[in-house]
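Q: Supplied structure: work-v3.pdb, PDB, C-alpha atoms.
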MODEL        1
ATOM      1  CA  MET A  18     -56.552  19.864  65.992
ATOM      2  CA  ILE A  19     -52.953  19.010  65.322
ATOM      3  CA  GLU A  20     -50.937  21.944  64.072
ATOM      4  CA  TYR A  21     -48.306  21.492  61.412
ATOM      5  CA  ASN A  22     -46.702  23.374  58.579
ATOM      6  CA  ILE A  23     -45.205  22.469  55.248
ATOM      7  CA  VAL A  24     -41.963  24.104  54.194
ATOM      8  CA  ASP A  25     -39.666  23.613  51.254
ATOM      9  CA  SER A  26     -36.842  21.426  52.386
ATOM     10  CA  CYS A  27     -33.203  21.870  51.577
ATOM     11  CA  THR A  28     -32.410  18.223  51.109
ATOM     12  CA  SER A  29     -32.913  18.267  47.380
ATOM     13  CA  THR A  30     -35.007  20.037  44.815
ATOM     14  CA  ASN A  31     -38.746  19.476  44.916
ATOM     15  CA  SER A  32     -38.708  18.205  48.470
ATOM     16  CA  TYR A  33     -41.025  19.399  51.202
ATOM     17  CA  GLU A  34     -40.985  18.998  54.942
ATOM     18  CA  VAL A  35     -44.134  18.446  56.985
ATOM     19  CA  LYS A  36     -43.413  19.640  60.492
ATOM     20  CA  PHE A  37     -45.606  19.242  63.572
ATOM     21  CA  LYS A  38     -45.729  22.091  66.047
ATOM     22  CA  ASN A  39     -44.584  20.818  69.434
ATOM     23  CA  LYS A  40     -45.503  17.224  68.625
ATOM     24  CA  LYS A  41     -43.438  14.101  68.158
ATOM     25  CA  ILE A  42     -44.105  10.938  66.219
ATOM     26  CA  ASN A  43     -44.297   7.490  67.741
ATOM     27  CA  LEU A  44     -42.535   5.504  65.031
ATOM     28  CA  LYS A  45     -44.011   2.132  65.962
ATOM     29  CA  LYS A  46     -47.525   3.489  65.654
ATOM     30  CA  ALA A  47     -46.547   5.459  62.561
ATOM     31  CA  GLN A  48     -45.277   2.280  60.908
ATOM     32  CA  ALA A  49     -48.675   0.669  61.346
ATOM     33  CA  ALA A  50     -50.636   3.793  60.398
ATOM     34  CA  LEU A  51     -48.733   4.605  57.221
ATOM     35  CA  SER A  52     -48.656   0.992  56.055
ATOM     36  CA  LYS A  53     -52.375   1.449  55.401
ATOM     37  CA  ILE A  54     -51.758   4.162  52.809
ATOM     38  CA  GLY A  55     -48.342   3.220  51.462
ATOM     39  CA  GLU A  56     -45.552   0.717  51.287
ATOM     40  CA  SER A  57     -42.842   0.483  53.924
ATOM     41  CA  ALA A  58     -39.345   0.729  52.397
ATOM     42  CA  ALA A  59     -37.218   0.663  55.557
ATOM     43  CA  GLU A  60     -37.677   0.767  59.299
ATOM     44  CA  THR A  61     -35.084   1.848  61.885
ATOM     45  CA  PRO A  62     -35.470   3.017  65.517
ATOM     46  CA  VAL A  63     -35.075   6.640  64.432
ATOM     47  CA  VAL A  64     -36.538   6.919  60.952
ATOM     48  CA  LEU A  65     -39.093   5.194  58.737
ATOM     49  CA  LEU A  66     -38.976   5.211  54.951
ATOM     50  CA  PHE A  67     -42.169   4.804  52.964
ATOM     51  CA  LYS A  68     -43.267   4.912  49.370
ATOM     52  CA  ILE A  69     -46.647   6.631  49.348
ATOM     53  CA  LYS A  70     -48.491   7.515  46.131
ATOM     54  CA  GLY A  71     -45.225   7.277  44.214
ATOM     55  CA  HIS A  72     -43.319   9.591  46.555
ATOM     56  CA  ALA A  73     -40.515   8.728  48.974
ATOM     57  CA  VAL A  74     -41.477   9.787  52.487
ATOM     58  CA  SER A  75     -39.078   9.829  55.473
ATOM     59  CA  VAL A  76     -40.640   9.969  58.922
ATOM     60  CA  TYR A  77     -38.578  11.195  61.895
ATOM     61  CA  ALA A  78     -39.464  10.771  65.555
ATOM     62  CA  SER A  79     -38.789  14.453  66.270
ATOM     63  CA  GLY A  80     -42.036  15.276  64.477
ATOM     64  CA  ARG A  81     -41.239  15.846  60.832
ATOM     65  CA  MET A  82     -41.650  14.096  57.518
ATOM     66  CA  LEU A  83     -39.804  14.698  54.274
ATOM     67  CA  ILE A  84     -41.552  14.151  50.955
ATOM     68  CA  LYS A  85     -39.308  13.975  47.915
ATOM     69  CA  ASN A  86     -39.826  14.727  44.234
ATOM     70  CA  ILE A  87     -43.165  16.441  44.598
ATOM     71  CA  GLU A  88     -44.757  19.738  43.611
ATOM     72  CA  LYS A  89     -45.934  22.105  46.315
ATOM     73  CA  THR A  90     -49.673  21.611  45.867
ATOM     74  CA  ASP A  91     -49.266  17.830  45.799
ATOM     75  CA  ALA A  92     -47.043  18.046  48.886
ATOM     76  CA  GLU A  93     -49.748  19.965  50.717
ATOM     77  CA  ALA A  94     -52.367  17.361  49.809
ATOM     78  CA  LEU A  95     -50.144  14.420  50.684
ATOM     79  CA  GLY A  96     -48.996  16.150  53.866
ATOM     80  CA  LYS A  97     -52.612  16.496  54.966
ATOM     81  CA  GLU A  98     -53.189  12.830  54.274
ATOM     82  CA  LEU A  99     -50.069  11.799  56.197
ATOM     83  CA  VAL A 100     -51.035  13.897  59.199
ATOM     84  CA  SER A 101     -54.534  12.454  59.143
ATOM     85  CA  ALA A 102     -53.239   8.865  58.956
ATOM     86  CA  LEU A 103     -50.771   9.420  61.795
ATOM     87  CA  ASN A 104     -53.377  11.113  63.917
ATOM     88  CA  SER A 105     -55.911   8.332  63.355
ATOM     89  CA  GLY A 106     -53.274   5.764  64.266
ATOM     90  CA  GLY A 107     -52.455   7.561  67.505
ATOM     91  CA  ALA A 108     -48.880   8.156  66.322
ATOM     92  CA  VAL A 109     -48.748  11.875  67.099
ATOM     93  CA  LYS A 110     -47.825  12.548  70.700
TER      94      LYS A 110
ATOM     95  CA  MET B  19      -0.199  26.738  77.318
ATOM     96  CA  SER B  20      -1.281  23.598  79.155
ATOM     97  CA  GLU B  21       0.726  20.410  78.691
ATOM     98  CA  LEU B  22      -2.275  18.595  77.291
ATOM     99  CA  TYR B  23      -2.977  21.325  74.749
ATOM    100  CA  SER B  24       0.692  21.524  73.746
ATOM    101  CA  GLU B  25       0.889  17.780  73.245
ATOM    102  CA  LYS B  26      -2.334  17.546  71.260
ATOM    103  CA  PHE B  27      -1.360  20.270  68.844
ATOM    104  CA  PHE B  28       2.397  19.617  68.850
ATOM    105  CA  ARG B  29       2.397  18.684  65.187
ATOM    106  CA  ASN B  30       1.128  22.158  64.278
ATOM    107  CA  THR B  31       4.483  23.451  65.508
ATOM    108  CA  GLY B  32       6.677  24.652  62.694
ATOM    109  CA  THR B  33       3.794  25.462  60.411
ATOM    110  CA  LEU B  34       2.356  27.611  63.192
ATOM    111  CA  GLY B  35       4.587  29.560  65.584
ATOM    112  CA  PRO B  36       3.838  29.667  69.336
ATOM    113  CA  GLN B  37       2.258  33.115  69.103
ATOM    114  CA  GLU B  38       0.144  32.039  66.156
ATOM    115  CA  GLN B  39      -1.061  28.955  68.009
ATOM    116  CA  LYS B  40      -1.913  31.149  70.995
ATOM    117  CA  LYS B  41      -3.761  33.563  68.753
ATOM    118  CA  LEU B  42      -5.829  30.762  67.233
ATOM    119  CA  ARG B  43      -6.613  29.387  70.646
ATOM    120  CA  GLU B  44      -7.973  32.738  71.763
ATOM    121  CA  THR B  45      -9.820  33.766  68.605
ATOM    122  CA  ALA B  46     -13.612  33.653  68.755
ATOM    123  CA  PHE B  47     -15.001  31.971  65.640
ATOM    124  CA  CYS B  48     -18.635  32.213  64.642
ATOM    125  CA  LEU B  49     -19.726  29.296  62.463
ATOM    126  CA  VAL B  50     -23.122  29.470  60.838
ATOM    127  CA  GLY B  51     -24.332  26.090  59.565
ATOM    128  CA  MET B  52     -23.175  22.721  60.886
ATOM    129  CA  GLY B  53     -23.844  20.772  57.708
ATOM    130  CA  GLY B  54     -21.571  19.867  54.815
ATOM    131  CA  THR B  55     -19.167  22.806  54.754
ATOM    132  CA  GLY B  56     -19.709  23.969  58.340
ATOM    133  CA  GLY B  57     -19.011  20.530  59.808
ATOM    134  CA  PHE B  58     -15.709  20.196  57.978
ATOM    135  CA  CYS B  59     -14.844  23.765  58.862
ATOM    136  CA  LEU B  60     -15.387  23.059  62.562
ATOM    137  CA  GLU B  61     -13.332  19.869  62.338
ATOM    138  CA  ASN B  62     -10.412  21.757  60.783
ATOM    139  CA  LEU B  63     -10.514  24.566  63.328
ATOM    140  CA  LEU B  64     -10.653  22.082  66.204
ATOM    141  CA  ARG B  65      -7.606  20.245  64.824
ATOM    142  CA  LEU B  66      -5.835  23.573  64.464
ATOM    143  CA  GLY B  67      -6.316  24.098  68.198
ATOM    144  CA  CYS B  68      -9.076  26.693  68.087
ATOM    145  CA  GLU B  69     -11.147  26.614  71.261
ATOM    146  CA  ASN B  70     -13.641  29.417  71.161
ATOM    147  CA  PHE B  71     -16.773  28.997  69.036
ATOM    148  CA  GLN B  72     -20.271  30.272  68.536
ATOM    149  CA  ILE B  73     -22.250  27.901  66.302
ATOM    150  CA  TYR B  74     -25.626  28.249  64.611
ATOM    151  CA  ASP B  75     -27.933  25.653  63.079
ATOM    152  CA  ALA B  76     -31.622  24.947  63.616
ATOM    153  CA  ASP B  77     -31.695  21.601  61.806
ATOM    154  CA  ARG B  78     -31.493  17.991  62.889
ATOM    155  CA  PHE B  79     -29.506  15.338  61.084
ATOM    156  CA  GLU B  80     -31.389  13.319  58.518
ATOM    157  CA  LEU B  81     -30.501  10.533  56.128
ATOM    158  CA  THR B  82     -30.005  12.812  53.132
ATOM    159  CA  ASN B  83     -27.077  14.475  54.958
ATOM    160  CA  PHE B  84     -24.974  11.314  54.960
ATOM    161  CA  ASN B  85     -23.424  11.771  51.514
ATOM    162  CA  ARG B  86     -21.388  14.801  52.585
ATOM    163  CA  GLN B  87     -21.676  15.839  56.225
ATOM    164  CA  ILE B  88     -18.878  14.670  58.503
ATOM    165  CA  LEU B  89     -21.004  14.947  61.638
ATOM    166  CA  ALA B  90     -23.819  12.805  60.204
ATOM    167  CA  THR B  91     -23.663   9.249  61.542
ATOM    168  CA  GLU B  92     -26.310   6.631  62.207
ATOM    169  CA  LYS B  93     -26.108   7.374  65.921
ATOM    170  CA  VAL B  94     -27.183  10.969  65.489
ATOM    171  CA  VAL B  95     -30.067  10.759  63.021
ATOM    172  CA  ASP B  96     -32.814  13.165  64.122
ATOM    173  CA  ILE B  97     -30.586  14.856  66.712
ATOM    174  CA  ALA B  98     -29.958  18.615  66.587
ATOM    175  CA  LYS B  99     -26.845  19.430  64.588
ATOM    176  CA  VAL B 100     -25.539  21.903  67.156
ATOM    177  CA  ASP B 101     -25.752  19.238  69.894
ATOM    178  CA  VAL B 102     -23.807  16.789  67.747
ATOM    179  CA  ALA B 103     -21.224  19.461  66.951
ATOM    180  CA  VAL B 104     -20.715  20.234  70.631
ATOM    181  CA  ARG B 105     -20.275  16.539  71.380
ATOM    182  CA  ARG B 106     -17.780  16.159  68.546
ATOM    183  CA  ALA B 107     -15.814  19.199  69.701
ATOM    184  CA  SER B 108     -15.610  17.938  73.262
ATOM    185  CA  GLU B 109     -14.314  14.583  71.995
ATOM    186  CA  VAL B 110     -11.497  16.312  70.127
ATOM    187  CA  ASN B 111     -10.741  18.987  72.707
ATOM    188  CA  SER B 112     -12.653  19.060  75.980
ATOM    189  CA  SER B 113     -11.338  22.563  76.623
ATOM    190  CA  ALA B 114     -13.173  23.921  73.602
ATOM    191  CA  ARG B 115     -15.849  26.435  74.577
ATOM    192  CA  ILE B 116     -18.884  26.369  72.348
ATOM    193  CA  ARG B 117     -21.931  28.542  72.528
ATOM    194  CA  LYS B 118     -24.656  26.784  70.579
ATOM    195  CA  LEU B 119     -27.467  28.744  68.996
ATOM    196  CA  GLY B 120     -30.351  27.948  66.656
ATOM    197  CA  LYS B 121     -31.171  29.658  63.421
ATOM    198  CA  PHE B 122     -29.156  32.716  62.505
ATOM    199  CA  ASN B 123     -31.557  35.612  62.000
ATOM    200  CA  SER B 124     -31.755  39.341  62.442
ATOM    201  CA  GLY B 125     -32.520  38.881  66.133
ATOM    202  CA  SER B 126     -29.406  36.875  66.785
ATOM    203  CA  SER B 127     -27.081  38.798  64.515
ATOM    204  CA  ALA B 128     -25.936  41.043  67.370
ATOM    205  CA  ASN B 129     -24.260  37.991  68.922
ATOM    206  CA  ILE B 130     -21.534  38.183  66.332
ATOM    207  CA  LYS B 131     -20.272  41.314  68.054
ATOM    208  CA  ASN B 132     -18.509  38.919  70.393
ATOM    209  CA  CYS B 133     -16.815  37.043  67.552
ATOM    210  CA  ASP B 134     -13.603  37.891  65.740
ATOM    211  CA  ILE B 135     -14.577  36.286  62.459
ATOM    212  CA  VAL B 136     -17.721  34.765  60.943
ATOM    213  CA  ILE B 137     -17.686  31.699  58.702
ATOM    214  CA  ASP B 138     -20.774  31.042  56.617
ATOM    215  CA  GLY B 139     -21.436  27.373  55.969
ATOM    216  CA  THR B 140     -25.109  27.745  55.115
ATOM    217  CA  ASP B 141     -26.603  26.575  51.857
ATOM    218  CA  ASN B 142     -29.106  29.184  50.769
ATOM    219  CA  LEU B 143     -28.815  32.722  49.552
ATOM    220  CA  PRO B 144     -31.311  34.517  51.821
ATOM    221  CA  SER B 145     -29.453  33.228  54.895
ATOM    222  CA  ARG B 146     -26.119  34.194  53.423
ATOM    223  CA  VAL B 147     -27.339  37.722  52.766
ATOM    224  CA  GLU B 148     -28.565  38.000  56.355
ATOM    225  CA  ILE B 149     -25.200  36.873  57.706
ATOM    226  CA  ALA B 150     -23.226  39.067  55.314
ATOM    227  CA  ARG B 151     -25.305  42.111  56.291
ATOM    228  CA  ALA B 152     -24.749  41.419  59.980
ATOM    229  CA  CYS B 153     -21.010  41.174  59.356
ATOM    230  CA  GLU B 154     -21.086  44.445  57.456
ATOM    231  CA  LYS B 155     -23.023  46.098  60.279
ATOM    232  CA  TYR B 156     -20.686  44.913  63.004
ATOM    233  CA  LYS B 157     -17.552  45.157  60.856
ATOM    234  CA  LYS B 158     -16.648  41.510  61.105
ATOM    235  CA  PRO B 159     -14.845  39.610  58.365
ATOM    236  CA  TYR B 160     -17.267  37.339  56.531
ATOM    237  CA  VAL B 161     -15.850  34.055  55.253
ATOM    238  CA  PHE B 162     -17.889  32.781  52.351
ATOM    239  CA  CYS B 163     -17.479  29.068  51.639
ATOM    240  CA  SER B 164     -19.906  27.570  49.225
ATOM    241  CA  ALA B 165     -20.188  24.202  47.520
ATOM    242  CA  SER B 166     -22.525  22.835  44.904
ATOM    243  CA  SER B 167     -22.253  19.727  42.766
ATOM    244  CA  SER B 168     -18.470  19.054  42.637
ATOM    245  CA  ARG B 169     -17.573  22.753  42.702
ATOM    246  CA  GLY B 170     -17.037  25.515  45.223
ATOM    247  CA  ILE B 171     -16.059  29.110  45.965
ATOM    248  CA  VAL B 172     -14.195  30.495  48.973
ATOM    249  CA  THR B 173     -13.354  34.094  49.801
ATOM    250  CA  ILE B 174     -13.413  36.611  52.643
ATOM    251  CA  PHE B 175     -15.477  39.781  52.529
ATOM    252  CA  THR B 176     -14.075  42.665  54.503
ATOM    253  CA  ASN B 177     -15.117  45.851  52.756
ATOM    254  CA  TYR B 178     -16.578  44.599  49.479
ATOM    255  CA  ARG B 179     -20.359  44.121  49.485
ATOM    256  CA  PHE B 180     -21.679  40.587  49.255
ATOM    257  CA  GLU B 181     -24.727  41.657  47.237
ATOM    258  CA  THR B 182     -22.496  43.385  44.696
ATOM    259  CA  ALA B 183     -20.250  40.352  44.356
ATOM    260  CA  PHE B 184     -23.146  38.110  43.408
ATOM    261  CA  GLN B 185     -25.267  40.806  41.738
ATOM    262  CA  LEU B 186     -28.190  39.957  43.979
ATOM    263  CA  PRO B 187     -31.604  41.602  43.911
ATOM    264  CA  THR B 188     -32.266  44.080  46.698
ATOM    265  CA  ASP B 189     -35.940  43.126  46.923
ATOM    266  CA  GLU B 190     -36.548  40.531  49.660
ATOM    267  CA  LYS B 191     -39.207  38.679  47.647
ATOM    268  CA  GLU B 192     -36.892  38.356  44.679
ATOM    269  CA  LEU B 193     -34.145  37.141  46.981
ATOM    270  CA  GLN B 194     -36.346  34.373  48.347
ATOM    271  CA  LYS B 195     -36.613  32.987  44.819
ATOM    272  CA  HIS B 196     -32.914  32.149  45.038
ATOM    273  CA  LYS B 197     -33.605  29.722  47.858
ATOM    274  CA  SER B 198     -32.958  26.496  46.044
ATOM    275  CA  CYS B 199     -30.913  23.410  46.707
ATOM    276  CA  SER B 200     -28.776  21.444  44.381
ATOM    277  CA  SER B 201     -26.842  18.249  44.150
ATOM    278  CA  ILE B 202     -23.615  18.271  46.149
ATOM    279  CA  VAL B 203     -20.912  15.669  46.736
ATOM    280  CA  CYS B 204     -18.619  15.207  49.707
ATOM    281  CA  PRO B 205     -15.328  16.259  48.062
ATOM    282  CA  ALA B 206     -16.843  19.666  47.287
ATOM    283  CA  ALA B 207     -18.400  20.179  50.731
ATOM    284  CA  SER B 208     -15.293  19.035  52.577
ATOM    285  CA  LEU B 209     -12.935  21.128  50.454
ATOM    286  CA  ALA B 210     -15.083  24.252  50.812
ATOM    287  CA  GLY B 211     -15.166  23.791  54.594
ATOM    288  CA  THR B 212     -11.451  23.110  54.752
ATOM    289  CA  LEU B 213     -10.521  26.085  52.588
ATOM    290  CA  GLY B 214     -12.931  28.295  54.524
ATOM    291  CA  ALA B 215     -11.215  27.348  57.774
ATOM    292  CA  ALA B 216      -7.751  27.825  56.274
ATOM    293  CA  GLN B 217      -8.558  31.232  54.825
ATOM    294  CA  ALA B 218     -10.124  32.297  58.115
ATOM    295  CA  VAL B 219      -6.909  31.293  59.873
ATOM    296  CA  ASN B 220      -4.872  33.283  57.349
ATOM    297  CA  TYR B 221      -7.006  36.317  58.080
ATOM    298  CA  VAL B 222      -6.740  35.905  61.846
ATOM    299  CA  LEU B 223      -2.970  35.481  61.690
ATOM    300  CA  GLY B 224      -2.490  38.463  59.405
ATOM    301  CA  LYS B 225      -1.354  36.353  56.446
ATOM    302  CA  PRO B 226      -2.443  36.875  52.826
ATOM    303  CA  TYR B 227      -5.920  35.555  52.138
ATOM    304  CA  ALA B 228      -8.485  35.419  49.342
ATOM    305  CA  LYS B 229     -10.096  38.825  49.655
ATOM    306  CA  ALA B 230     -13.378  39.538  47.891
ATOM    307  CA  PRO B 231     -14.011  40.320  45.113
ATOM    308  CA  ASP B 232     -11.123  37.929  44.400
ATOM    309  CA  ALA B 233     -12.060  34.349  45.186
ATOM    310  CA  ILE B 234     -10.763  30.804  45.073
ATOM    311  CA  PHE B 235     -12.779  28.606  42.736
ATOM    312  CA  PHE B 236     -12.512  24.839  42.537
ATOM    313  CA  ASP B 237     -13.985  21.805  40.875
ATOM    314  CA  THR B 238     -12.974  18.628  42.654
ATOM    315  CA  PHE B 239     -13.801  16.482  39.639
ATOM    316  CA  ARG B 240     -11.541  18.387  37.255
ATOM    317  CA  LYS B 241      -7.891  17.638  36.556
ATOM    318  CA  ASP B 242      -6.970  21.251  37.304
ATOM    319  CA  VAL B 243      -8.880  21.611  40.539
ATOM    320  CA  PHE B 244      -8.240  25.268  41.477
ATOM    321  CA  TRP B 245      -8.371  28.648  39.804
ATOM    322  CA  ARG B 246      -8.694  32.276  40.900
ATOM    323  CA  SER B 247     -11.282  34.657  39.584
ATOM    324  CA  ARG B 248     -13.085  37.844  40.472
ATOM    325  CA  LEU B 249     -16.668  38.042  41.693
ATOM    326  CA  GLY B 250     -19.061  40.728  40.544
TER     327      GLY B 250
ENDMDL
END
I need this file expressed as structure tokens, please.
A:
Amino acid sequence: MIEYNIVDSCTSTNSYEVKFKNKKINLKKAQAALSKIGESAAETPVVLLFKIKGHAVSVYASGRMLIKNIEKTDAEALGKELVSALNSGGAVK
Amino acid sequence: MSELYSEKFFRNTGTLGPQEQKKLRETAFCLVGMGGTGGFCLENLLRLGCENFQIYDADRFELTNFNRQILATEKVVDIAKVDVAVRRASEVNSSARIRKLGKFNSGSSANIKNCDIVIDGTDNLPSRVEIARACEKYKKPYVFCSASSSRGIVTIFTNYRFETAFQLPTDEKELQKHKSCSSIVCPAASLAGTLGAAQAVNYVLGKPYAKAPDAIFFDTFRKDVFWRSRLG
């Protein structure tokens, strides 16, 4: 089981950070995995930007994702879905 | 003073006397937060010839930092802020000695015993309270530099209580409710960091400084940018 936690982020109000414990994200695999559940907005070697279920999601190789403009309970549900998609796509290393 | 150091900081001469420059070079600064205000604060202190730092930050750079944080560049996205700060410092002054640390918490607060002054560039109240309490415990001056939206506040706490100044709740749970973030633009972050560094230098050099509960207030988007007022 992949361990992660969701914390309120300080980037802006109503933003949450999904953080893996001691795991990183393979961005190439993440790009493919998250494209199945959302729309890619930008792709760089160090960060991916997605629009998933109406929320902006930033994915960083260090093992964290930021979800913007979302309530806590929705962030927890979306975070679970993101983790599941990344895990299924073999993007968590 | 080495030739290289003298040449680099030659243009400080006149505004700063030789003894003052020496004092700044030797002073141990503790900077908590390497984001918007902390990054500009570090930049100012480096350019003033300060060489002895202890820096704290547990975060990595992300895209949402770019609107205001001087250390945030495309090359350093997702890299630890303290690592970027050390690199930046060595590019300005390779003689600078920096001890990099992660999150400032009760366990690490004893480290500030080795500092002469503590500058708080964090962006949330619970962290600020933790830092202010550590400063109170170890009798270190606490430089408060805060920015939000286009505005900011800068002052130095020596013997006036931080919690009193901001009328904060004593209950930890209540305090956590104050952990919120707001919009902030670069002029406010940079000015808060710059003023924080300047006031810290005033304190170190024995010059008049903004002493809490008195504080410097500013709004970078107003015609009359600065005013003085009293906290608490």
Q: Identify all residues satisfying the PyMOL selection byres ((chain B) within 7 of (chain A)) in the given file; provide them as a VMD selection string.
A: chain B and resid 82 95 to 96 198 to 201
Q: Quick one: everything within 7 Å of Glu56 of chain A, counting only C-alpha atoms, minus sequence neighbours fewer than 3 positions away in the same chain. Send it as a PyMOL selection string.
A: chain A and resi 52+67-69
Q: Counting all atoms listed in the file, which residues of segment 27-103 of chain B sit at most 10 Å from some atom of segment 116-140 of chain B, and what is each one's closest atom pair with its distance in Å to one decimal, listed by chain and rising residue number, as a tab-separated table?
A:
residue	atom	partner	partner_atom	distance
B:Glu44	CA	B:Asp134	CA	9.7
B:Thr45	CA	B:Asp134	CA	6.3
B:Ala46	CA	B:Cys133	CA	4.8
B:Phe47	CA	B:Ile135	CA	5.4
B:Cys48	CA	B:Val136	CA	4.6
B:Leu49	CA	B:Ile137	CA	4.9
B:Val50	CA	B:Asp138	CA	5.1
B:Gly51	CA	B:Gly139	CA	4.8
B:Met52	CA	B:Gly139	CA	7.0
B:Gly53	CA	B:Gly139	CA	7.2
B:Gly54	CA	B:Gly139	CA	7.6
B:Thr55	CA	B:Gly139	CA	5.2
B:Gly56	CA	B:Gly139	CA	4.5
B:Gly57	CA	B:Gly139	CA	8.2
B:Phe58	CA	B:Gly139	CA	9.4
B:Cys59	CA	B:Gly139	CA	8.1
B:Leu60	CA	B:Ile137	CA	9.7
B:Glu69	CA	B:Ile116	CA	7.8
B:Asn70	CA	B:Ile116	CA	6.2
B:Phe71	CA	B:Ile116	CA	4.7
B:Gln72	CA	B:Arg117	CA	4.7
B:Ile73	CA	B:Lys118	CA	5.0
B:Tyr74	CA	B:Leu119	CA	4.8
B:Asp75	CA	B:Gly120	CA	4.9
B:Ala76	CA	B:Gly120	CA	4.5
B:Asp77	CA	B:Gly120	CA	8.1
B:Ala98	CA	B:Gly120	CA	9.3
B:Lys99	CA	B:Gly120	CA	9.4
B:Val100	CA	B:Lys118	CA	6.0
B:Asp101	CA	B:Lys118	CA	7.7
B:Ala103	CA	B:Lys118	CA	8.9
Q: In Å, rounded to a single decimal, give me how far atom CA of Phe236 of chain B is from atom CA of Gly170 of chain B.
A: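 The value is 5.3 Å.
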Q: Calculated over all atoms listed in the file, which of the candidates A:Ala73, A:Val35, A:Leu95, A:Val100 has the smallest distance to Ser57 of chain A?
A: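 The answer is A:Ala73, which sits nearest to Ser57 of chain A.
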Q: Exactly which residues make up the result of the PyMOL selection byres ((chain B and resi 232) around 8) on this file, given as number ranges by chain?
A: B: 173, 228-231, 233-234, 246-249
Q: Which residues come within 9 Å of Tyr221 of chain B, counting all atoms listed in the file, excluding same-chain residues fewer than 4 positions away, as a PDB file with C-alpha atoms, in the frame of the given file?
A:
ATOM      1  CA  ILE B 135     -14.577  36.286  62.459  1.00  0.00           C
ATOM      2  CA  PRO B 159     -14.845  39.610  58.365  1.00  0.00           C
ATOM      3  CA  ILE B 174     -13.413  36.611  52.643  1.00  0.00           C
ATOM      4  CA  ALA B 216      -7.751  27.825  56.274  1.00  0.00           C
ATOM      5  CA  GLN B 217      -8.558  31.232  54.825  1.00  0.00           C
ATOM      6  CA  LYS B 225      -1.354  36.353  56.446  1.00  0.00           C
ATOM      7  CA  PRO B 226      -2.443  36.875  52.826  1.00  0.00           C
ATOM      8  CA  TYR B 227      -5.920  35.555  52.138  1.00  0.00           C
ATOM      9  CA  ALA B 228      -8.485  35.419  49.342  1.00  0.00           C
TER      10      ALA B 228
END
Q: Place N, CA and C atoms on segment 52-63 of chain B and deliver the coordinates as a PDB file, in the frame of the given file.
A:
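And here is the file that came out, rebuild.pdb:
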ATOM      1  N   MET B  52     -23.973  23.880  60.447  1.00  0.00           N
ATOM      2  CA  MET B  52     -23.175  22.721  60.886  1.00  0.00           C
ATOM      3  C   MET B  52     -23.423  21.532  59.963  1.00  0.00           C
ATOM      4  N   GLY B  53     -23.589  21.832  58.681  1.00  0.00           N
ATOM      5  CA  GLY B  53     -23.844  20.772  57.708  1.00  0.00           C
ATOM      6  C   GLY B  53     -22.585  20.368  56.972  1.00  0.00           C
ATOM      7  N   GLY B  54     -22.682  20.341  55.644  1.00  0.00           N
ATOM      8  CA  GLY B  54     -21.571  19.867  54.815  1.00  0.00           C
ATOM      9  C   GLY B  54     -20.312  20.693  54.986  1.00  0.00           C
ATOM     10  N   THR B  55     -20.371  21.969  54.654  1.00  0.00           N
ATOM     11  CA  THR B  55     -19.167  22.806  54.754  1.00  0.00           C
ATOM     12  C   THR B  55     -18.867  23.185  56.202  1.00  0.00           C
ATOM     13  N   GLY B  56     -19.911  23.533  56.946  1.00  0.00           N
ATOM     14  CA  GLY B  56     -19.709  23.969  58.340  1.00  0.00           C
ATOM     15  C   GLY B  56     -19.099  22.879  59.216  1.00  0.00           C
ATOM     16  N   GLY B  57     -19.537  21.643  59.006  1.00  0.00           N
ATOM     17  CA  GLY B  57     -19.011  20.530  59.808  1.00  0.00           C
ATOM     18  C   GLY B  57     -17.527  20.317  59.566  1.00  0.00           C
ATOM     19  N   PHE B  58     -17.130  20.361  58.295  1.00  0.00           N
ATOM     20  CA  PHE B  58     -15.709  20.196  57.978  1.00  0.00           C
ATOM     21  C   PHE B  58     -14.900  21.398  58.447  1.00  0.00           C
ATOM     22  N   CYS B  59     -15.512  22.549  58.400  1.00  0.00           N
ATOM     23  CA  CYS B  59     -14.844  23.765  58.862  1.00  0.00           C
ATOM     24  C   CYS B  59     -14.556  23.657  60.363  1.00  0.00           C
ATOM     25  N   LEU B  60     -15.560  23.234  61.115  1.00  0.00           N
ATOM     26  CA  LEU B  60     -15.387  23.059  62.562  1.00  0.00           C
ATOM     27  C   LEU B  60     -14.296  22.030  62.838  1.00  0.00           C
ATOM     28  N   GLU B  61     -14.325  20.928  62.128  1.00  0.00           N
ATOM     29  CA  GLU B  61     -13.332  19.869  62.338  1.00  0.00           C
ATOM     30  C   GLU B  61     -11.914  20.419  62.127  1.00  0.00           C
ATOM     31  N   ASN B  62     -11.723  21.173  61.070  1.00  0.00           N
ATOM     32  CA  ASN B  62     -10.412  21.757  60.783  1.00  0.00           C
ATOM     33  C   ASN B  62      -9.971  22.714  61.886  1.00  0.00           C
ATOM     34  N   LEU B  63     -10.880  23.571  62.304  1.00  0.00           N
ATOM     35  CA  LEU B  63     -10.514  24.566  63.328  1.00  0.00           C
ATOM     36  C   LEU B  63     -10.193  23.883  64.656  1.00  0.00           C
TER      37      LEU B  63
END
